[in-house]
Amino acid sequence: MKLFLKSLVLIFGLIIVATFSFAAEIKIGVAEALTGPIAKYGVPIRNGFTLAAEEINAAGGINGNKINLIIEDEQGKKEEAINVFKKFIFQDKVLAIFGPTLSNSAFAADPVANASKTVVFGTSNTAEGITAIGTYVFRNSIAEADILPAVVKTSKNKLGLKKVAIMYGNDDSFTKSGYDVFKKAVDAEGLQIVATETFAKGDIDYSAQLTKIKSLKPDAIVCSALVEEAANIVLQARKLGIPESVNFIGGNGFNSPKLAEIAGKAAEGVISGSPWFLADPNAKNQAFVKAYKAKFSSDPDQFAAQAYDALYIMSEALKKIKLTGSIDSDRDVLRDELAKVKNYNGVGGKFSFDANRDAEQKGRVLIIKNGKFTVYSE
Amino acid sequence: MFLQQIANALALSAVYSLFAIGFTLIFGVLEVITLAHGAVFMMGAFAGLIAVTKFNAGLASTLLVSMIVSGLAGYLIDLIAVGPLRKRKFHHLAPMIATIGCATIITSTYQGIFGAEAYRFPFDFVPSTSYDIVGIQLTLLQLIIIGISLFLMVVLIFFLNKTRWGKAVRAVAENPRTAALLGIPVEQVFRLTMSISSAFGGAAGVLTGLNFNTIHTFMGGPILHRGIAVIILGGMGDIRGAMAGGLILGFSEILSVAYISSDFRDAISFGLLFLILLVRPSGIFGKVIERKG
């Protein structure tokens with residue numbers, strides 16, 4: 001009997017050791033808005049992650065360990081993002097978290113992860129000051145501050161702009177921060193601002209603002225909005241008779257294939273900036289676009305591309321560390337290693353984290369021609 | 001620019017009024033604030049969208065389809081949720097909560113089917129011709145919206161004042177018990193009111209969808225809030241009040257953006273509502289309600 005017990009213990013022990021050393025999986029939480037009005041951003045992001053995870057696992061995982069993505073819906077709300085983060089950290093005991101979708105939610109939820117010393121990696125948060133939340137906060141979405149000044153400068157030089165009107169959503173961190181950056185850039189270029197108009201999330205009627213802008217005859221309209229609103233603004237502007245020679249200069253929200261899809265002809269001549277664009281001919285991007293289209297039967301957007309790159313960036317770091325099974329120390333080691341990632345070659349070009357764990361990546365100024373973003377200036 | 005902004009305000013107000021009329025009628029007759037009215041509004045917009053994109057319907061039949069679908073939805077909401085509570089004599093609050101449930105079910109179902117993204121009518125559904133009328137650029141669409149809204153409101157007022165059923169609705173609004181004693185089929189009148197009002201909500205939905213060319217599952221939320229403001233402002237249960245309230249809200253929203261600042265749009269519109277209510281606590285056309293001791 002004793003022998004039996006001993007061997008039983010031995011067997012169980014072996015099984016436990018076996019599971020830990022061979023079939024260890026790397027649990028990573030993905031908190032994105034999958035339902036509700038923000039789902040149009042969150043769903044492509046999730047798709048980007050699942051595509052990358054499948055590719056990595058199909059190629060044998062990371063040092064033999066499979067990536068297990070735990071995906072939860074944070075509905076684009078601050079409270080939900082905090083709940084999901086807590087579940088990931090304390091219940092699922094994930095190694096790191098991707099998300100949340102909006103900068104708004106990131107400002108609320110990232111401090112929770114940071115306080116629990118868990119890496120949180122944003123792929124779509126572009127507002128200023130995200131990584132200043134704490135040393136466990138990373139992102140690969142380049143801040144609008146890094147790209148919009150170039151967009152304004154290029155447009156001014158190419159179009160000979162003198163006076164512009166500005167429109168932005170004033171009840172959202174993302175669009176508000178885009179406005180702040182635009183305002184600085186416009187001032188720096190010495191452009192005259194003839195009007196600054198705002199709108200709120202969920203607005204569909206922009207006729208009053210646009211009629212006012214039309215009467216002031218600006219050379220261009222600088223606009224910080226999410227894509228749906230952006231498309232409506234562009235559409236209504238043309239409907240109200242603002243001529244096509246008045247280009248729209250858009251923030252990060254404009255940078256989606258959806259814009260041209262929704263606004264059709266009205267979207268022609270929209271100028272925006274991003275490190276990534278759909279038609280980028282580099283081989284890695286072409287392969288990504290093809291795989292994404294085959295799997296999800298739609299084109300990826302910038303956020304899907306950034307999510308896809310983000311998991312590969314994370315796996316660069318994971319490759320270099322040895323997981324001990326002690327979640328606290330593993331999380332710490334991962335943080336240190338992740339901060340060292342430099343010159344990763346992704347679908348959006350060369351990527352490095354800077355000293356503040358923020359994205360360091362070259363942006364390009366883009367313009368919509370024939371319904372597609374093309375390079376306006378490198 | 002002023003005249004152009006007036007045109008913008010008229011088109012916006014027309015839809016607000018149309019939405020609020022159904023809303024206020026339900027309150028006037030059933031004494032229920034139906035918080036499903038926003039969801040019904042959204043259903044109307046989607047019904048119109050499907051009629052156009054799948055069946056190539058013209059403008060008139062599109063409007064008709066969305067009114068029928070929304071009217072039917074109103075009928076069902078009364079049959080399933082509001083009616084049973086009425087029979088159990090739960091007044092005001094319980095039916096209102098039940099309509100929140102209806103709204104959630106409808107919105108979630110639509111989200112399940114259509115997702116969260118916005119849909120649009122085909123670009124050339126209404127030709128984008130615009131007319132220059134004494135310096136105002138009125139688009140054909142704006143004219144259509146204002147025209148249809150006015151027409152529907154006139155039809156409703158005619159119905160209520162001149163037809164047998166309309167008179168029955170007004171009698172029930174006055175006092176359901178007396179109406180019942182006089183032989184008016186009160187239950188049917190309730191259900192009719194819900195259907196007509198919802199049909200008006202659906203019409204507002206499809207016109208909004210056309211005007212701003214955005215249809216999505218959450219479009220009922222913002223208009224529901226504005227609708228509540230409009231009917232309180234106009235006087236609960238009063239149709240003229242809903243029309244006037246819609247005009248005031250639409251104009252204050254547009255003109256505050258045009259001449260003050262878009263930053264203060266909602267602050268100004270709702271501040272104005274507050275001021276009007278200070279002067280007339282029961283709304284512009286509201287009757288003074290006496291508390292019976």
# chains A, B, ... in the order shown; residues from 1 in each chain; ligands from 1

call {"tool": "interface_residues", "arguments": {"of": "chain B", "to": "chain A", "cutoff": "8 Å", "atoms": "only C-alpha atoms", "output": "list in words"}}
result
Met1, Gln4, Gln5, Asn8, Ala116, Glu117, Ala118, Arg120, Ser128, Gln137, Phe212, Asn213, Thr214, Phe218, Met219, Pro222, Ile254, Leu255, Val257, Ala258, Ser261, Ser262 and Asp263 of chain B

call {"tool": "write_last_selection", "arguments": {"atoms": "N, CA and C atoms", "output": "PDB file, in the first residue's frame"}}
result
ATOM      1  N   MET B   1     -25.229  83.444 -44.493  1.00  0.00           N
ATOM      2  CA  MET B   1     -25.066  82.255 -43.652  1.00  0.00           C
ATOM      3  C   MET B   1     -26.266  82.061 -42.736  1.00  0.00           C
ATOM      4  N   GLN B   4     -28.971  80.097 -44.341  1.00  0.00           N
ATOM      5  CA  GLN B   4     -28.557  78.707 -44.492  1.00  0.00           C
ATOM      6  C   GLN B   4     -28.716  77.954 -43.177  1.00  0.00           C
ATOM      7  N   GLN B   5     -28.335  78.620 -42.096  1.00  0.00           N
ATOM      8  CA  GLN B   5     -28.462  77.970 -40.787  1.00  0.00           C
ATOM      9  C   GLN B   5     -29.923  77.744 -40.434  1.00  0.00           C
ATOM     10  N   ASN B   8     -30.887  74.597 -42.090  1.00  0.00           N
ATOM     11  CA  ASN B   8     -30.367  73.459 -41.320  1.00  0.00           C
ATOM     12  C   ASN B   8     -31.233  73.199 -40.092  1.00  0.00           C
ATOM     13  N   ALA B 116     -22.137  46.707 -35.003  1.00  0.00           N
ATOM     14  CA  ALA B 116     -22.084  48.057 -34.440  1.00  0.00           C
ATOM     15  C   ALA B 116     -21.796  49.115 -35.491  1.00  0.00           C
ATOM     16  N   GLU B 117     -21.516  48.687 -36.707  1.00  0.00           N
ATOM     17  CA  GLU B 117     -21.089  49.706 -37.670  1.00  0.00           C
ATOM     18  C   GLU B 117     -22.281  50.462 -38.259  1.00  0.00           C
ATOM     19  N   ALA B 118     -21.978  51.598 -38.853  1.00  0.00           N
ATOM     20  CA  ALA B 118     -23.023  52.439 -39.424  1.00  0.00           C
ATOM     21  C   ALA B 118     -23.343  51.990 -40.846  1.00  0.00           C
ATOM     22  N   ARG B 120     -25.607  52.965 -44.525  1.00  0.00           N
ATOM     23  CA  ARG B 120     -25.979  54.154 -45.280  1.00  0.00           C
ATOM     24  C   ARG B 120     -26.881  53.836 -46.447  1.00  0.00           C
ATOM     25  N   SER B 128     -28.882  64.671 -55.237  1.00  0.00           N
ATOM     26  CA  SER B 128     -28.340  65.728 -54.389  1.00  0.00           C
ATOM     27  C   SER B 128     -28.505  67.107 -55.026  1.00  0.00           C
ATOM     28  N   GLN B 137     -29.329  77.689 -49.603  1.00  0.00           N
ATOM     29  CA  GLN B 137     -29.118  76.450 -50.337  1.00  0.00           C
ATOM     30  C   GLN B 137     -29.949  75.369 -49.679  1.00  0.00           C
ATOM     31  N   PHE B 212     -28.820  62.560 -42.483  1.00  0.00           N
ATOM     32  CA  PHE B 212     -27.408  62.547 -42.096  1.00  0.00           C
ATOM     33  C   PHE B 212     -26.708  61.301 -42.625  1.00  0.00           C
ATOM     34  N   ASN B 213     -27.472  60.478 -43.332  1.00  0.00           N
ATOM     35  CA  ASN B 213     -26.950  59.269 -43.924  1.00  0.00           C
ATOM     36  C   ASN B 213     -26.113  58.410 -42.986  1.00  0.00           C
ATOM     37  N   THR B 214     -26.621  58.211 -41.803  1.00  0.00           N
ATOM     38  CA  THR B 214     -25.969  57.309 -40.862  1.00  0.00           C
ATOM     39  C   THR B 214     -27.050  56.523 -40.155  1.00  0.00           C
ATOM     40  N   PHE B 218     -27.281  52.186 -32.378  1.00  0.00           N
ATOM     41  CA  PHE B 218     -27.370  53.010 -31.172  1.00  0.00           C
ATOM     42  C   PHE B 218     -27.934  54.403 -31.454  1.00  0.00           C
ATOM     43  N   MET B 219     -28.474  54.590 -32.647  1.00  0.00           N
ATOM     44  CA  MET B 219     -28.921  55.930 -33.014  1.00  0.00           C
ATOM     45  C   MET B 219     -30.120  56.415 -32.201  1.00  0.00           C
ATOM     46  N   PRO B 222     -29.344  59.181 -28.374  1.00  0.00           N
ATOM     47  CA  PRO B 222     -29.319  60.648 -28.306  1.00  0.00           C
ATOM     48  C   PRO B 222     -30.692  61.276 -28.559  1.00  0.00           C
ATOM     49  N   ILE B 254     -28.777  74.593 -33.413  1.00  0.00           N
ATOM     50  CA  ILE B 254     -28.085  75.089 -34.604  1.00  0.00           C
ATOM     51  C   ILE B 254     -27.562  76.512 -34.381  1.00  0.00           C
ATOM     52  N   LEU B 255     -28.412  77.371 -33.844  1.00  0.00           N
ATOM     53  CA  LEU B 255     -28.003  78.769 -33.731  1.00  0.00           C
ATOM     54  C   LEU B 255     -26.922  78.978 -32.675  1.00  0.00           C
ATOM     55  N   VAL B 257     -24.520  76.922 -32.117  1.00  0.00           N
ATOM     56  CA  VAL B 257     -23.271  76.566 -32.792  1.00  0.00           C
ATOM     57  C   VAL B 257     -22.855  77.689 -33.741  1.00  0.00           C
ATOM     58  N   ALA B 258     -23.852  78.224 -34.467  1.00  0.00           N
ATOM     59  CA  ALA B 258     -23.536  79.210 -35.497  1.00  0.00           C
ATOM     60  C   ALA B 258     -23.044  80.521 -34.896  1.00  0.00           C
ATOM     61  N   SER B 261     -20.864  79.192 -29.741  1.00  0.00           N
ATOM     62  CA  SER B 261     -19.739  78.280 -29.880  1.00  0.00           C
ATOM     63  C   SER B 261     -20.247  76.860 -29.811  1.00  0.00           C
ATOM     64  N   SER B 262     -19.673  76.010 -30.647  1.00  0.00           N
ATOM     65  CA  SER B 262     -20.106  74.623 -30.623  1.00  0.00           C
ATOM     66  C   SER B 262     -19.761  73.961 -29.292  1.00  0.00           C
ATOM     67  N   ASP B 263     -18.815  74.549 -28.561  1.00  0.00           N
ATOM     68  CA  ASP B 263     -18.478  74.001 -27.246  1.00  0.00           C
ATOM     69  C   ASP B 263     -19.678  74.032 -26.303  1.00  0.00           C
TER      70      ASP B 263
END

call {"tool": "atom_distance", "arguments": {"atom1": "atom CA of B:Ala267", "atom2": "atom CA of B:Arg226"}}
result
12.9 Å

call {"tool": "select_by_dssp", "arguments": {"residues": "stretch 194-241 of chain A", "states": "strand (DSSP E or B)", "output": "MDAnalysis selection string"}}
result
chainID A and resid 194:199 220:224

call {"tool": "write_last_selection", "arguments": {"atoms": "N, CA and C atoms", "output": "PDB file, in the first residue's frame"}}
result
ATOM      1  N   VAL A 194      -9.311  80.212 -38.742  1.00  0.00           N
ATOM      2  CA  VAL A 194     -10.487  81.068 -38.909  1.00  0.00           C
ATOM      3  C   VAL A 194     -11.652  80.638 -38.021  1.00  0.00           C
ATOM      4  N   ALA A 195     -11.662  79.358 -37.641  1.00  0.00           N
ATOM      5  CA  ALA A 195     -12.732  78.900 -36.748  1.00  0.00           C
ATOM      6  C   ALA A 195     -12.297  77.619 -36.057  1.00  0.00           C
ATOM      7  N   THR A 196     -12.720  77.441 -34.828  1.00  0.00           N
ATOM      8  CA  THR A 196     -12.507  76.185 -34.134  1.00  0.00           C
ATOM      9  C   THR A 196     -13.880  75.671 -33.710  1.00  0.00           C
ATOM     10  N   GLU A 197     -14.306  74.571 -34.308  1.00  0.00           N
ATOM     11  CA  GLU A 197     -15.636  74.044 -34.020  1.00  0.00           C
ATOM     12  C   GLU A 197     -15.528  72.681 -33.359  1.00  0.00           C
ATOM     13  N   THR A 198     -16.485  72.376 -32.487  1.00  0.00           N
ATOM     14  CA  THR A 198     -16.451  71.086 -31.801  1.00  0.00           C
ATOM     15  C   THR A 198     -17.745  70.321 -32.045  1.00  0.00           C
ATOM     16  N   PHE A 199     -17.699  69.066 -31.690  1.00  0.00           N
ATOM     17  CA  PHE A 199     -18.909  68.241 -31.712  1.00  0.00           C
ATOM     18  C   PHE A 199     -18.747  67.186 -30.638  1.00  0.00           C
ATOM     19  N   ALA A 220      -8.181  74.922 -45.937  1.00  0.00           N
ATOM     20  CA  ALA A 220      -8.272  73.504 -45.604  1.00  0.00           C
ATOM     21  C   ALA A 220      -8.984  73.369 -44.266  1.00  0.00           C
ATOM     22  N   ILE A 221      -9.507  72.153 -44.003  1.00  0.00           N
ATOM     23  CA  ILE A 221     -10.163  71.905 -42.724  1.00  0.00           C
ATOM     24  C   ILE A 221      -9.365  70.842 -41.977  1.00  0.00           C
ATOM     25  N   VAL A 222      -8.869  71.219 -40.827  1.00  0.00           N
ATOM     26  CA  VAL A 222      -8.107  70.297 -39.991  1.00  0.00           C
ATOM     27  C   VAL A 222      -9.095  69.646 -39.037  1.00  0.00           C
ATOM     28  N   CYS A 223      -9.071  68.310 -38.951  1.00  0.00           N
ATOM     29  CA  CYS A 223     -10.153  67.645 -38.239  1.00  0.00           C
ATOM     30  C   CYS A 223      -9.638  66.464 -37.425  1.00  0.00           C
ATOM     31  N   SER A 224     -10.014  66.431 -36.148  1.00  0.00           N
ATOM     32  CA  SER A 224      -9.660  65.300 -35.293  1.00  0.00           C
ATOM     33  C   SER A 224     -10.941  64.594 -34.886  1.00  0.00           C
TER      34      SER A 224
END

call {"tool": "residues_around", "arguments": {"residues": "B:Val126", "least_positions_apart": "4", "cutoff": "9 Å", "atoms": "only C-alpha atoms", "output": "ChimeraX atom specification"}}
result
/B:59,122,140-141,210

call {"tool": "atom_distance", "arguments": {"atom1": "atom CA of A:Asn104", "atom2": "atom CA of B:Leu249"}}
result
29.9 Å

call {"tool": "select_by_dssp", "arguments": {"residues": "stretch 85-333 of chain A", "states": "helix (DSSP H, G or I)", "output": "PyMOL selection string"}}
result
chain A and resi 85-92+103-115+131-133+144-159+173-188+207-216+227-239+252-254+257-267+283-296+302-320+327-333

call {"tool": "residues_around", "arguments": {"residues": "B:Ser66", "least_positions_apart": "6", "cutoff": "8 Å", "atoms": "only C-alpha atoms", "output": "number ranges by chain"}}
result
B: 43-48, 199, 202-203, 206

call {"tool": "atom_distance", "arguments": {"atom1": "atom CA of B:Ala204", "atom2": "atom CA of B:Leu272"}}
result
23.9 Å

call {"tool": "residues_around", "arguments": {"residues": "B:Pro176", "least_positions_apart": "3", "cutoff": "12 Å", "atoms": "only C-alpha atoms", "output": "VMD selection string"}}
result
chain B and resid 28 to 31 86 168 to 173 179 to 190

call {"tool": "write_last_selection", "arguments": {"atoms": "N, CA and C atoms", "output": "PDB file, in the first residue's frame"}}
result
ATOM      1  N   GLY B  28     -49.772  61.257 -23.333  1.00  0.00           N
ATOM      2  CA  GLY B  28     -51.077  61.869 -23.155  1.00  0.00           C
ATOM      3  C   GLY B  28     -52.180  60.839 -22.982  1.00  0.00           C
ATOM      4  N   VAL B  29     -52.083  59.747 -23.725  1.00  0.00           N
ATOM      5  CA  VAL B  29     -53.161  58.761 -23.701  1.00  0.00           C
ATOM      6  C   VAL B  29     -52.897  57.668 -22.664  1.00  0.00           C
ATOM      7  N   LEU B  30     -51.701  57.098 -22.689  1.00  0.00           N
ATOM      8  CA  LEU B  30     -51.418  55.956 -21.817  1.00  0.00           C
ATOM      9  C   LEU B  30     -50.808  56.362 -20.479  1.00  0.00           C
ATOM     10  N   GLU B  31     -50.409  57.598 -20.396  1.00  0.00           N
ATOM     11  CA  GLU B  31     -49.703  58.088 -19.211  1.00  0.00           C
ATOM     12  C   GLU B  31     -48.459  57.265 -18.920  1.00  0.00           C
ATOM     13  N   ARG B  86     -50.688  47.352 -17.434  1.00  0.00           N
ATOM     14  CA  ARG B  86     -51.824  48.264 -17.311  1.00  0.00           C
ATOM     15  C   ARG B  86     -53.000  47.536 -16.668  1.00  0.00           C
ATOM     16  N   ALA B 168     -62.046  59.192 -30.231  1.00  0.00           N
ATOM     17  CA  ALA B 168     -61.968  58.188 -29.171  1.00  0.00           C
ATOM     18  C   ALA B 168     -60.629  58.296 -28.445  1.00  0.00           C
ATOM     19  N   VAL B 169     -59.548  58.509 -29.223  1.00  0.00           N
ATOM     20  CA  VAL B 169     -58.225  58.650 -28.607  1.00  0.00           C
ATOM     21  C   VAL B 169     -58.221  59.833 -27.650  1.00  0.00           C
ATOM     22  N   ARG B 170     -58.831  60.941 -28.100  1.00  0.00           N
ATOM     23  CA  ARG B 170     -58.820  62.123 -27.240  1.00  0.00           C
ATOM     24  C   ARG B 170     -59.668  61.916 -25.983  1.00  0.00           C
ATOM     25  N   ALA B 171     -60.747  61.187 -26.178  1.00  0.00           N
ATOM     26  CA  ALA B 171     -61.604  60.917 -25.023  1.00  0.00           C
ATOM     27  C   ALA B 171     -60.864  60.079 -23.987  1.00  0.00           C
ATOM     28  N   VAL B 172     -60.144  59.077 -24.463  1.00  0.00           N
ATOM     29  CA  VAL B 172     -59.392  58.220 -23.534  1.00  0.00           C
ATOM     30  C   VAL B 172     -58.296  59.036 -22.843  1.00  0.00           C
ATOM     31  N   ALA B 173     -57.689  59.946 -23.620  1.00  0.00           N
ATOM     32  CA  ALA B 173     -56.652  60.784 -23.029  1.00  0.00           C
ATOM     33  C   ALA B 173     -57.243  61.621 -21.899  1.00  0.00           C
ATOM     34  N   ALA B 179     -64.400  57.241 -20.630  1.00  0.00           N
ATOM     35  CA  ALA B 179     -64.450  56.794 -22.015  1.00  0.00           C
ATOM     36  C   ALA B 179     -64.990  55.376 -22.086  1.00  0.00           C
ATOM     37  N   ALA B 180     -64.557  54.535 -21.164  1.00  0.00           N
ATOM     38  CA  ALA B 180     -65.005  53.147 -21.151  1.00  0.00           C
ATOM     39  C   ALA B 180     -66.502  53.083 -20.873  1.00  0.00           C
ATOM     40  N   LEU B 181     -66.957  53.923 -19.939  1.00  0.00           N
ATOM     41  CA  LEU B 181     -68.384  53.945 -19.610  1.00  0.00           C
ATOM     42  C   LEU B 181     -69.223  54.361 -20.815  1.00  0.00           C
ATOM     43  N   LEU B 182     -68.596  55.214 -21.656  1.00  0.00           N
ATOM     44  CA  LEU B 182     -69.312  55.677 -22.844  1.00  0.00           C
ATOM     45  C   LEU B 182     -69.251  54.664 -23.981  1.00  0.00           C
ATOM     46  N   GLY B 183     -68.628  53.513 -23.714  1.00  0.00           N
ATOM     47  CA  GLY B 183     -68.614  52.457 -24.719  1.00  0.00           C
ATOM     48  C   GLY B 183     -67.431  52.512 -25.664  1.00  0.00           C
ATOM     49  N   ILE B 184     -66.415  53.306 -25.342  1.00  0.00           N
ATOM     50  CA  ILE B 184     -65.219  53.347 -26.190  1.00  0.00           C
ATOM     51  C   ILE B 184     -64.325  52.163 -25.828  1.00  0.00           C
ATOM     52  N   PRO B 185     -63.897  51.379 -26.814  1.00  0.00           N
ATOM     53  CA  PRO B 185     -63.021  50.234 -26.523  1.00  0.00           C
ATOM     54  C   PRO B 185     -61.628  50.726 -26.115  1.00  0.00           C
ATOM     55  N   VAL B 186     -61.469  50.976 -24.834  1.00  0.00           N
ATOM     56  CA  VAL B 186     -60.272  51.656 -24.342  1.00  0.00           C
ATOM     57  C   VAL B 186     -58.985  50.889 -24.681  1.00  0.00           C
ATOM     58  N   GLU B 187     -59.032  49.568 -24.486  1.00  0.00           N
ATOM     59  CA  GLU B 187     -57.829  48.768 -24.756  1.00  0.00           C
ATOM     60  C   GLU B 187     -57.367  48.947 -26.204  1.00  0.00           C
ATOM     61  N   GLN B 188     -58.336  48.905 -27.103  1.00  0.00           N
ATOM     62  CA  GLN B 188     -57.978  49.056 -28.519  1.00  0.00           C
ATOM     63  C   GLN B 188     -57.426  50.443 -28.810  1.00  0.00           C
ATOM     64  N   VAL B 189     -57.990  51.428 -28.128  1.00  0.00           N
ATOM     65  CA  VAL B 189     -57.501  52.789 -28.327  1.00  0.00           C
ATOM     66  C   VAL B 189     -56.051  52.904 -27.849  1.00  0.00           C
ATOM     67  N   PHE B 190     -55.770  52.291 -26.706  1.00  0.00           N
ATOM     68  CA  PHE B 190     -54.389  52.287 -26.199  1.00  0.00           C
ATOM     69  C   PHE B 190     -53.447  51.699 -27.244  1.00  0.00           C
TER      70      PHE B 190
END

call {"tool": "residues_around", "arguments": {"residues": "stretch 123-137 of chain A", "least_positions_apart": "3", "cutoff": "8 Å", "atoms": "only C-alpha atoms", "output": "ChimeraX atom specification"}}
result
/A:98-103,106-107,110-111,113-114,117-120,140-145,173-174,177-178,303,306-307,310,335,356-358

call {"tool": "residues_around", "arguments": {"residues": "B:Phe151", "least_positions_apart": "6", "cutoff": "12 Å", "atoms": "only C-alpha atoms", "output": "number ranges by chain"}}
result
B: 14, 18, 143-145, 157-158, 200, 203

call {"tool": "closest_residue", "arguments": {"among": "B:Ile196, B:Leu35, B:Leu138, B:Leu278", "to": "B:Cys102", "atoms": "only C-alpha atoms"}}
result
B:Leu35

call {"tool": "closest_residue", "arguments": {"among": "B:Val230, B:Leu79, B:Gly115, B:Gly209", "to": "A:Val43", "atoms": "only C-alpha atoms"}}
result
B:Gly115
